[in-house]
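K.L.:
One file is attached below, coords19.txt, containing compact mmCIF, C-alpha atoms and all ligand atoms.
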# COMPACT_ATOMS: atom_id res chain seq x y z
CA MET P 126 -34.90 -80.05 2.46
CA THR P 127 -32.77 -79.43 5.58
CA GLY P 128 -34.03 -76.99 8.17
CA CYS P 129 -32.59 -74.81 10.89
CA SER P 130 -33.61 -75.80 14.43
CA GLN P 131 -33.80 -72.23 15.74
CA THR P 132 -35.43 -70.39 12.83
CA LYS P 133 -37.60 -71.36 9.86
CA ALA P 134 -34.57 -71.19 7.54
CA ARG P 135 -34.14 -74.11 5.19
CA VAL P 136 -31.76 -75.49 2.56
CA GLY P 137 -32.95 -77.04 -0.68
CA VAL P 138 -32.23 -77.69 -4.35
CA PHE P 139 -34.63 -76.70 -7.13
CA HIS P 140 -34.12 -78.51 -10.45
CA THR P 141 -34.77 -76.79 -13.77
CA PRO P 142 -34.16 -77.85 -17.40
CA HIS P 143 -31.02 -75.67 -17.34
CA GLY P 144 -29.57 -76.90 -14.09
CA ALA P 145 -30.09 -76.90 -10.36
CA VAL P 146 -30.52 -73.93 -8.06
CA GLU P 147 -29.24 -74.37 -4.54
CA THR P 148 -31.33 -72.44 -2.08
CA PRO P 149 -31.25 -70.03 -0.33
CA ARG P 150 -29.87 -68.08 -3.27
CA PHE P 151 -29.75 -64.57 -4.64
CA MET P 152 -30.68 -64.15 -8.34
CA PRO P 153 -29.02 -61.28 -10.24
CA VAL P 154 -31.36 -59.17 -12.35
CA GLY P 155 -30.84 -59.06 -16.12
CA THR P 156 -33.74 -56.85 -17.08
CA LEU P 157 -33.19 -56.66 -20.84
CA ALA P 158 -31.68 -60.14 -21.30
CA ASN P 159 -28.35 -59.01 -19.89
CA VAL P 160 -26.98 -58.27 -16.46
CA LYS P 161 -25.73 -54.76 -17.13
CA THR P 162 -22.00 -54.47 -17.96
CA LEU P 163 -21.31 -58.22 -17.53
CA THR P 164 -20.72 -61.00 -20.04
CA PRO P 165 -22.37 -64.35 -19.25
CA ALA P 166 -18.90 -65.78 -18.45
CA GLN P 167 -18.26 -63.00 -15.91
CA LEU P 168 -21.72 -63.56 -14.50
CA ARG P 169 -21.10 -67.29 -14.15
CA ASP P 170 -17.90 -66.57 -12.17
CA THR P 171 -19.86 -64.57 -9.59
CA GLY P 172 -21.55 -67.79 -8.50
CA ALA P 173 -24.84 -66.90 -10.19
CA GLN P 174 -27.09 -69.91 -10.81
CA MET P 175 -30.51 -68.58 -11.77
CA ILE P 176 -30.90 -65.08 -13.15
CA LEU P 177 -34.00 -62.98 -13.66
CA SER P 178 -35.19 -61.29 -16.82
CA ASN P 179 -38.09 -59.07 -17.53
CA THR P 180 -41.19 -59.83 -19.58
CA TYR P 181 -42.43 -56.24 -19.71
CA HIS P 182 -39.12 -54.85 -20.97
CA LEU P 183 -38.44 -57.68 -23.42
CA HIS P 184 -41.95 -57.42 -24.85
CA LEU P 185 -41.37 -53.72 -25.59
CA GLN P 186 -37.81 -54.25 -26.84
CA PRO P 187 -36.86 -56.30 -28.85
CA GLY P 188 -40.22 -58.16 -28.69
CA GLU P 189 -40.62 -61.83 -27.79
CA GLY P 190 -40.77 -62.82 -31.48
CA ILE P 191 -37.18 -61.72 -31.99
CA VAL P 192 -36.05 -63.54 -28.84
CA ALA P 193 -37.76 -66.70 -30.13
CA GLY P 194 -36.16 -66.12 -33.54
CA GLY P 195 -32.80 -66.07 -31.77
CA GLY P 196 -33.49 -69.53 -30.36
CA GLY P 197 -35.25 -68.53 -27.13
CA LEU P 198 -34.03 -66.47 -24.21
CA HIS P 199 -31.12 -68.72 -23.14
CA LYS P 200 -29.59 -68.91 -26.61
CA PHE P 201 -30.40 -65.30 -27.50
CA MET P 202 -28.52 -63.95 -24.46
CA GLY P 203 -25.84 -66.66 -24.27
CA TRP P 204 -26.78 -67.84 -20.76
CA ASP P 205 -27.22 -71.60 -20.43
CA GLY P 206 -28.15 -71.54 -16.73
CA PRO P 207 -31.64 -71.26 -15.25
CA ILE P 208 -33.63 -68.11 -16.00
CA LEU P 209 -36.78 -66.74 -14.37
CA THR P 210 -38.99 -64.20 -16.12
CA ASP P 211 -41.36 -62.05 -14.16
CA SER P 212 -44.85 -61.53 -15.52
CA GLY P 213 -44.64 -57.81 -16.27
CA GLY P 214 -47.27 -57.08 -13.65
CA PHE P 215 -44.97 -55.18 -11.31
CA GLN P 216 -43.54 -53.05 -14.13
CA VAL P 217 -46.94 -52.24 -15.62
CA PHE P 218 -48.09 -51.02 -12.22
CA SER P 219 -44.90 -49.23 -11.22
CA LEU P 220 -43.49 -47.81 -14.46
CA SER P 221 -46.18 -47.19 -17.00
CA GLU P 222 -48.34 -44.12 -17.27
CA MET P 223 -51.99 -43.95 -18.14
CA ARG P 224 -52.77 -47.50 -17.12
CA LYS P 225 -56.33 -48.73 -17.01
CA ILE P 226 -57.06 -51.82 -14.96
CA SER P 227 -60.07 -54.02 -15.64
CA GLU P 228 -60.99 -57.62 -14.96
CA ARG P 229 -59.66 -58.42 -18.42
CA GLY P 230 -56.17 -57.00 -17.80
CA VAL P 231 -54.23 -53.76 -17.98
CA LYS P 232 -53.99 -51.22 -20.76
CA PHE P 233 -51.07 -48.81 -20.69
CA ARG P 234 -49.13 -46.47 -22.88
CA SER P 235 -45.80 -47.79 -24.15
CA PRO P 236 -42.95 -45.61 -22.93
CA HIS P 237 -41.16 -46.42 -26.20
CA ASP P 238 -43.58 -45.19 -28.83
CA GLY P 239 -46.69 -44.06 -26.96
CA GLN P 240 -48.83 -46.87 -28.35
CA ILE P 241 -51.54 -48.38 -26.16
CA ILE P 242 -50.55 -51.89 -25.12
CA GLU P 243 -52.80 -54.40 -23.39
CA LEU P 244 -51.34 -56.96 -21.04
CA THR P 245 -53.65 -59.68 -19.77
CA PRO P 246 -52.90 -62.87 -17.83
CA GLU P 247 -53.18 -64.80 -21.11
CA ARG P 248 -50.90 -62.41 -22.97
CA SER P 249 -48.27 -62.41 -20.20
CA ILE P 250 -48.13 -66.22 -20.20
CA GLU P 251 -48.03 -66.40 -24.00
CA ILE P 252 -45.10 -63.98 -24.01
CA GLN P 253 -43.32 -65.94 -21.27
CA ASN P 254 -43.97 -69.23 -23.10
CA THR P 255 -42.40 -67.65 -26.18
CA LEU P 256 -39.38 -66.28 -24.26
CA GLY P 257 -38.78 -69.74 -22.79
CA ALA P 258 -37.44 -69.15 -19.25
CA ASP P 259 -37.26 -72.05 -16.77
CA ILE P 260 -39.51 -70.34 -14.25
CA ILE P 261 -42.33 -68.03 -15.30
CA MET P 262 -44.47 -65.90 -13.04
CA ALA P 263 -48.22 -65.44 -12.88
CA PHE P 264 -49.58 -62.05 -13.96
CA ASP P 265 -50.61 -60.22 -10.82
CA GLU P 266 -51.97 -56.88 -9.75
CA CYS P 267 -49.44 -55.17 -7.53
CA PRO P 268 -51.17 -52.36 -5.62
CA PRO P 269 -49.04 -49.37 -4.61
CA TYR P 270 -48.34 -48.43 -0.99
CA PRO P 271 -50.05 -46.86 0.83
CA VAL P 272 -53.49 -47.70 -0.51
CA SER P 273 -56.83 -48.54 1.11
CA ARG P 274 -57.55 -52.01 2.43
CA GLU P 275 -60.50 -52.29 0.04
CA GLU P 276 -58.27 -51.66 -2.95
CA VAL P 277 -55.72 -54.20 -1.73
CA GLU P 278 -58.46 -56.77 -1.19
CA THR P 279 -59.86 -56.19 -4.68
CA ALA P 280 -56.38 -56.51 -6.20
CA THR P 281 -55.61 -59.66 -4.20
CA GLU P 282 -58.82 -61.38 -5.27
CA ARG P 283 -58.34 -60.33 -8.87
CA THR P 284 -54.77 -61.66 -8.75
CA TYR P 285 -56.19 -65.05 -7.79
CA ARG P 286 -58.68 -65.04 -10.68
CA TRP P 287 -55.89 -63.97 -13.02
CA LEU P 288 -53.75 -66.84 -11.73
CA LEU P 289 -56.44 -69.34 -12.75
CA ARG P 290 -56.40 -67.83 -16.26
CA CYS P 291 -52.57 -68.04 -16.30
CA ILE P 292 -52.71 -71.74 -15.42
CA GLU P 293 -55.32 -72.29 -18.15
CA THR P 294 -53.16 -70.54 -20.78
CA HIS P 295 -49.78 -72.03 -19.85
CA LYS P 296 -48.71 -74.43 -22.60
CA ARG P 297 -45.13 -75.45 -21.80
CA PRO P 298 -45.00 -77.82 -18.82
CA GLU P 299 -41.18 -77.74 -18.72
CA GLN P 300 -41.53 -74.13 -17.58
CA ALA P 301 -42.47 -73.94 -13.89
CA LEU P 302 -45.30 -71.46 -13.31
CA PHE P 303 -45.08 -69.78 -9.89
CA GLY P 304 -48.07 -68.13 -8.23
CA ILE P 305 -47.70 -64.80 -6.44
CA VAL P 306 -49.18 -64.05 -3.02
CA GLN P 307 -50.44 -60.48 -2.81
CA GLY P 308 -52.30 -58.88 0.10
CA GLY P 309 -50.39 -55.70 0.88
CA ILE P 310 -49.61 -55.13 4.55
CA TYR P 311 -52.74 -57.01 5.70
CA SER P 312 -51.80 -60.30 7.27
CA ASP P 313 -55.32 -61.76 6.98
CA LEU P 314 -55.39 -61.00 3.23
CA ARG P 315 -51.91 -62.49 2.86
CA SER P 316 -52.95 -65.63 4.77
CA ARG P 317 -56.11 -66.05 2.72
CA ALA P 318 -54.18 -65.66 -0.54
CA ALA P 319 -51.41 -68.02 0.56
CA ASN P 320 -53.92 -70.71 1.51
CA ALA P 321 -55.87 -70.34 -1.74
CA LEU P 322 -52.70 -70.55 -3.83
CA THR P 323 -51.39 -73.55 -1.94
CA GLU P 324 -54.53 -75.49 -2.93
CA LEU P 325 -53.49 -75.12 -6.58
CA ASP P 326 -50.33 -77.21 -6.03
CA LEU P 327 -48.03 -75.05 -8.16
CA PRO P 328 -44.30 -75.84 -8.57
CA GLY P 329 -43.34 -72.72 -6.60
CA TYR P 330 -44.64 -69.64 -4.84
CA ALA P 331 -43.64 -66.01 -4.59
CA ILE P 332 -44.45 -63.24 -2.19
CA GLY P 333 -45.05 -60.11 -4.26
CA GLY P 334 -46.08 -56.56 -3.61
CA VAL P 335 -43.40 -55.97 -1.00
CA SER P 336 -40.59 -53.42 -1.15
CA VAL P 337 -42.99 -50.93 -2.76
CA GLY P 338 -42.25 -48.16 -0.29
CA GLU P 339 -43.34 -49.62 3.04
CA GLU P 340 -41.12 -49.72 6.14
CA PRO P 341 -38.67 -52.67 6.34
CA GLU P 342 -40.38 -53.82 9.55
CA LEU P 343 -43.65 -54.18 7.64
CA ILE P 344 -41.89 -56.29 5.00
CA HIS P 345 -40.47 -58.54 7.73
CA GLU P 346 -43.92 -58.94 9.25
CA ILE P 347 -45.54 -59.81 5.89
CA VAL P 348 -42.86 -62.40 5.20
CA ARG P 349 -43.01 -63.85 8.70
CA VAL P 350 -46.78 -64.33 8.38
CA THR P 351 -46.88 -65.52 4.77
CA ALA P 352 -43.86 -67.77 4.23
CA PRO P 353 -44.81 -70.52 6.73
CA LEU P 354 -48.24 -70.88 5.06
CA LEU P 355 -46.64 -71.88 1.74
CA PRO P 356 -45.90 -75.55 1.00
CA VAL P 357 -42.74 -76.81 2.71
CA ASN P 358 -41.54 -78.78 -0.33
CA LYS P 359 -41.84 -75.97 -2.89
CA PRO P 360 -39.49 -73.01 -3.47
CA ARG P 361 -40.50 -69.68 -1.94
CA TYR P 362 -39.38 -66.52 -3.66
CA LEU P 363 -39.46 -63.05 -2.13
CA MET P 364 -39.67 -60.64 -5.05
CA GLY P 365 -37.53 -57.51 -5.21
CA VAL P 366 -35.72 -57.81 -1.88
CA GLY P 367 -31.95 -58.01 -1.79
CA THR P 368 -30.04 -56.20 0.94
CA TYR P 369 -28.10 -58.09 3.61
CA ARG P 370 -30.49 -57.60 6.51
CA GLU P 371 -33.68 -58.15 4.50
CA ILE P 372 -32.26 -61.35 3.00
CA ALA P 373 -31.09 -62.77 6.34
CA ILE P 374 -34.40 -62.02 8.06
CA ALA P 375 -36.44 -63.44 5.16
CA ILE P 376 -34.33 -66.62 5.10
CA ALA P 377 -34.98 -66.99 8.83
CA ALA P 378 -38.70 -66.84 7.98
CA GLY P 379 -38.36 -69.62 5.38
CA ILE P 380 -37.68 -67.80 2.08
CA ASP P 381 -35.44 -69.47 -0.54
CA LEU P 382 -35.02 -67.12 -3.51
CA PHE P 383 -34.32 -63.41 -3.87
CA ASP P 384 -33.79 -60.88 -6.62
CA CYS P 385 -32.94 -57.20 -6.46
CA VAL P 386 -31.43 -54.55 -8.70
CA ILE P 387 -29.48 -52.98 -5.82
CA PRO P 388 -26.10 -54.77 -6.27
CA THR P 389 -25.88 -53.83 -9.97
CA ARG P 390 -27.53 -50.42 -9.62
CA TRP P 391 -25.17 -49.42 -6.84
CA ALA P 392 -22.24 -50.68 -8.91
CA ARG P 393 -23.22 -48.27 -11.67
CA HIS P 394 -23.25 -45.49 -9.09
CA GLY P 395 -19.68 -46.30 -8.04
CA THR P 396 -20.75 -48.04 -4.84
CA ALA P 397 -19.29 -51.27 -3.48
CA MET P 398 -21.05 -53.62 -1.06
CA VAL P 399 -18.41 -54.79 1.40
CA ARG P 400 -19.18 -56.95 4.44
CA GLY P 401 -22.53 -55.33 5.05
CA GLU P 402 -21.31 -51.82 4.34
CA ARG P 403 -21.86 -49.50 1.43
CA TRP P 404 -18.74 -47.74 0.11
CA ASN P 405 -18.73 -44.83 -2.30
CA LEU P 406 -15.51 -45.34 -4.26
CA LYS P 407 -15.36 -41.62 -5.07
CA ASN P 408 -14.58 -41.00 -1.43
CA ALA P 409 -11.11 -39.44 -0.93
CA ARG P 410 -10.10 -42.19 1.49
CA PHE P 411 -9.87 -44.67 -1.40
CA ARG P 412 -7.59 -42.60 -3.66
CA GLU P 413 -4.37 -44.09 -2.31
CA ASP P 414 -5.75 -47.25 -0.78
CA PHE P 415 -3.91 -50.11 -2.48
CA GLN P 416 -5.82 -52.97 -0.88
CA PRO P 417 -8.48 -55.00 -2.64
CA LEU P 418 -12.10 -54.12 -1.83
CA ASP P 419 -12.21 -57.22 0.38
CA ALA P 420 -9.09 -59.39 0.73
CA ASP P 421 -11.29 -62.43 1.55
CA CYS P 422 -13.63 -62.01 -1.43
CA PRO P 423 -13.00 -64.63 -4.14
CA CYS P 424 -14.18 -62.43 -7.02
CA TYR P 425 -12.08 -61.44 -10.04
CA THR P 426 -12.20 -57.77 -9.01
CA CYS P 427 -10.82 -58.39 -5.52
CA LYS P 428 -8.15 -60.79 -6.79
CA ASN P 429 -6.77 -58.35 -9.36
CA PHE P 430 -7.51 -54.72 -8.51
CA THR P 431 -7.10 -52.21 -5.70
CA ARG P 432 -9.55 -49.76 -4.20
CA ALA P 433 -7.33 -46.97 -5.55
CA TYR P 434 -7.61 -48.29 -9.10
CA ILE P 435 -11.39 -48.73 -8.93
CA SER P 436 -11.69 -45.27 -7.36
CA HIS P 437 -9.69 -43.86 -10.28
CA LEU P 438 -11.98 -45.63 -12.79
CA VAL P 439 -15.12 -44.39 -11.04
CA ARG P 440 -13.81 -40.80 -10.93
CA SER P 441 -12.97 -41.06 -14.64
CA GLN P 442 -16.38 -42.62 -15.38
CA GLU P 443 -14.69 -45.53 -17.15
CA ILE P 444 -17.10 -48.34 -18.05
CA LEU P 445 -14.68 -50.88 -16.55
CA ALA P 446 -15.48 -49.40 -13.12
CA TYR P 447 -19.08 -50.55 -13.43
CA THR P 448 -18.07 -54.00 -14.65
CA LEU P 449 -15.60 -54.51 -11.79
CA LEU P 450 -18.05 -53.24 -9.16
CA SER P 451 -20.92 -55.33 -10.60
CA ILE P 452 -18.71 -58.45 -10.47
CA HIS P 453 -17.84 -57.71 -6.86
CA ASN P 454 -21.32 -56.71 -5.66
CA ILE P 455 -23.06 -59.70 -7.23
CA THR P 456 -20.40 -62.06 -5.89
CA GLU P 457 -20.72 -60.46 -2.47
CA ILE P 458 -24.49 -60.87 -2.18
CA ILE P 459 -24.54 -64.37 -3.70
CA HIS P 460 -21.79 -65.39 -1.28
CA PHE P 461 -23.83 -63.93 1.54
CA THR P 462 -26.67 -66.34 0.64
CA GLN P 463 -24.19 -69.19 0.15
CA LYS P 464 -22.64 -68.57 3.58
CA ILE P 465 -26.10 -68.59 5.11
CA ARG P 466 -26.81 -71.88 3.31
CA GLN P 467 -23.61 -73.37 4.75
CA SER P 468 -24.41 -72.16 8.24
CA ILE P 469 -27.93 -73.63 8.09
CA LEU P 470 -26.38 -76.98 7.12
CA GLN P 471 -23.95 -76.70 10.03
CA GLY P 472 -26.72 -75.73 12.43
CA SER P 473 -25.14 -72.36 13.26
CA PHE P 474 -27.23 -69.90 11.21
CA ALA P 475 -28.95 -68.15 14.14
CA THR P 476 -25.57 -67.62 15.87
CA ASP P 477 -23.42 -66.81 12.83
CA PHE P 478 -25.91 -64.28 11.45
CA ALA P 479 -27.16 -62.88 14.76
CA ARG P 480 -25.77 -59.50 13.68
CA TRP P 481 -28.43 -59.36 10.98
CA LEU P 482 -31.23 -61.24 12.68
CA ASN P 483 -31.26 -59.71 16.15
CA THR P 484 -31.57 -56.11 15.07
CA ASP P 485 -35.27 -56.62 14.50
CA ASN P 486 -37.57 -57.82 17.25
CA SER P 487 -40.41 -58.58 14.87
CA VAL P 488 -38.75 -61.85 13.87
CA GLU P 489 -39.33 -64.47 16.50
CA LEU P 490 -36.55 -66.99 16.77
CA GLU P 491 -37.94 -70.27 17.93
CA HIS P 492 -35.44 -71.60 20.40
CA GLY P 493 -35.68 -75.35 20.40
ZN ZN U 1 -14.89 -58.99 -4.55
Translate this structure into structure tokens?
Ligand SMILES: [Zn+2]
P.N.:
Amino acid sequence: MTGCSQTKARVGVFHTPHGAVETPRFMPVGTLANVKTLTPAQLRDTGAQMILSNTYHLHLQPGEGIVAGGGGLHKFMGWDGPILTDSGGFQVFSLSEMRKISERGVKFRSPHDGQIIELTPERSIEIQNTLGADIIMAFDECPPYPVSREEVETATERTYRWLLRCIETHKRPEQALFGIVQGGIYSDLRSRAANALTELDLPGYAIGGVSVGEEPELIHEIVRVTAPLLPVNKPRYLMGVGTYREIAIAIAAGIDLFDCVIPTRWARHGTAMVRGERWNLKNARFREDFQPLDADCPCYTCKNFTRAYISHLVRSQEILAYTLLSIHNITEIIHFTQKIRQSILQGSFATDFARWLNTDNSVELEHG
């Protein structure tokens, strides 16, 4: 683990049964055992190492039994690199209707067929053991924002009790079980949760319950308070955060792993991420622009196609548009984390990325 002298940024390598993950790193999201519009070979070429898939969605469709029947998640989806599955907690709390939370778990109505489904810590871990990802996540209660402090405290304490049940249920030691720090926007609740989780000596830790509608400055503050309390020698994963500024600021606070649907979702809306900007390819200025999206980008899209061509595809709603933009956007954001990694190693992170770091005063840079 190499650290930055001016911030809490660090560089590391996390080993999994399907290969190493160099951190800091962005993880593309493949909700339903695919990163939308990309083949695994195209995904590999973006620089992706670990990808994320979704327990809640895979449980509903096709069901973990079918994934296991197909040889487990890696073989089923044709991705031989590391995979992380989330626990389903976030989706149950954010997507499902008619949910009922108890100490036992959560009951909710399936959006597929209206059936009542129960997800408990035990059930989430059993499903994740069956899916077979390299990293699995504890089942947590993710309170919405805004919500009362009492409710957040109740959810945070329940999340800890659920974590103990997850650890008890977990049967496949080759899968690394990460705990999730909850605590909403309350730094004392976050600190208490982080300290309690650290005692359990898990292989990795996540900060959850952020990016649920609160102001970016609040996210920065939560991360700045929580990340340094987590063990130095274990990976730290900030769930659901993935824009340039949020990534840079979180890395400066000591975060290693990120995931976010934004690069692929924007691609499907005809939007390219270029050097920190967001371009709508439907814009008239691209119609006769025969340059690549970014002449310095190493991706397949930028090496072979022009803005004019992609603009044409987007206007025509051709599926290739979404593939080309997904390739570019994922490459762009992974390269952003790779460039940060390089600059930390060279000792120039705080200077090279000042554009992203200095726009927010809530992050203290320790000048040493
Ligand atoms: Zn590109």
K.L.:
What are the nearest atom pairs, with distances in Å to one decimal, for all residues of chain P that come at most 12 Å from ligand ZN 1 (chain U), using all atoms listed in the file, set out by chain and rising residue number as a Markdown table?
P.N.:
| residue | atom | partner | partner_atom | distance |
| --- | --- | --- | --- | --- |
| P:Asp170 | CA | U:ZN1 | ZN | 11.2 |
| P:Thr171 | CA | U:ZN1 | ZN | 9.0 |
| P:Gly172 | CA | U:ZN1 | ZN | 11.7 |
| P:Ala392 | CA | U:ZN1 | ZN | 11.9 |
| P:Ala397 | CA | U:ZN1 | ZN | 9.0 |
| P:Met398 | CA | U:ZN1 | ZN | 8.9 |
| P:Val399 | CA | U:ZN1 | ZN | 8.1 |
| P:Arg400 | CA | U:ZN1 | ZN | 10.2 |
| P:Gln416 | CA | U:ZN1 | ZN | 11.5 |
| P:Pro417 | CA | U:ZN1 | ZN | 7.8 |
| P:Leu418 | CA | U:ZN1 | ZN | 6.2 |
| P:Asp419 | CA | U:ZN1 | ZN | 5.9 |
| P:Ala420 | CA | U:ZN1 | ZN | 7.9 |
| P:Asp421 | CA | U:ZN1 | ZN | 7.9 |
| P:Cys422 | CA | U:ZN1 | ZN | 4.5 |
| P:Pro423 | CA | U:ZN1 | ZN | 6.0 |
| P:Cys424 | CA | U:ZN1 | ZN | 4.3 |
| P:Tyr425 | CA | U:ZN1 | ZN | 6.6 |
| P:Thr426 | CA | U:ZN1 | ZN | 5.3 |
| P:Cys427 | CA | U:ZN1 | ZN | 4.2 |
| P:Lys428 | CA | U:ZN1 | ZN | 7.3 |
| P:Asn429 | CA | U:ZN1 | ZN | 9.5 |
| P:Phe430 | CA | U:ZN1 | ZN | 9.4 |
| P:Thr431 | CA | U:ZN1 | ZN | 10.4 |
| P:Arg432 | CA | U:ZN1 | ZN | 10.7 |
| P:Ile435 | CA | U:ZN1 | ZN | 11.7 |
| P:Thr448 | CA | U:ZN1 | ZN | 11.7 |
| P:Leu449 | CA | U:ZN1 | ZN | 8.5 |
| P:Leu450 | CA | U:ZN1 | ZN | 8.0 |
| P:Ser451 | CA | U:ZN1 | ZN | 9.3 |
| P:Ile452 | CA | U:ZN1 | ZN | 7.1 |
| P:His453 | CA | U:ZN1 | ZN | 4.0 |
| P:Asn454 | CA | U:ZN1 | ZN | 6.9 |
| P:Ile455 | CA | U:ZN1 | ZN | 8.6 |
| P:Thr456 | CA | U:ZN1 | ZN | 6.4 |
| P:Glu457 | CA | U:ZN1 | ZN | 6.4 |
| P:Ile458 | CA | U:ZN1 | ZN | 10.1 |
| P:Ile459 | CA | U:ZN1 | ZN | 11.1 |
| P:His460 | CA | U:ZN1 | ZN | 10.0 |
| P:Phe461 | CA | U:ZN1 | ZN | 11.9 |
K.L.:
So the first atom is atom CA of Trp391 of chain P and the second is atom CA of Phe233 of chain P; what is the distance between them in Å, to one decimal place?
P.N.:
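Atom CA of Phe233 of chain P lies 29.4 Å from atom CA of Trp391 of chain P.
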K.L.:
Figure out the distance between atom CA of Leu406 of chain P and atom CA of Leu445 of chain P, please, to one decimal in Å.
P.N.:
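According to the coordinates, atom CA of Leu445 of chain P and atom CA of Leu406 of chain P are separated by 13.5 Å.
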K.L.:
In Å, how far is it from atom CA of Leu382 of chain P to atom CA of Val146 of chain P?
P.N.:
9.3 Å
K.L.:
Counting all atoms listed in the file, which of P:Arg283, P:His143, P:Arg234, P:Arg315 gets nearest to Leu209 of chain P?
P.N.:
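Of P:Arg283, P:His143, P:Arg234, P:Arg315, the one nearest Leu209 of chain P, counting all atoms listed in the file, is P:His143.
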K.L.:
Find, counting only C-alpha atoms, the residue in P:Ala446, P:Ile374, P:Val366, P:Leu256 that gets nearest to Ile208 of chain P.
P.N.:
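Of P:Ala446, P:Ile374, P:Val366, P:Leu256, the one nearest Ile208 of chain P, counting only C-alpha atoms, is P:Leu256.
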K.L.:
Please identify all polymer residues within 12 Å of Glu228 of chain P, counting all atoms listed in the file, omitting same-chain residues fewer than 4 positions from it, and present them as a list in words.
P.N.:
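The residues satisfying every condition are Lys232, Leu244, Thr245, Pro246, Asp265, Glu266, Thr279, Ala280, Glu282, Arg283, Thr284, Tyr285, Arg286, Trp287 and Arg290 of chain P.
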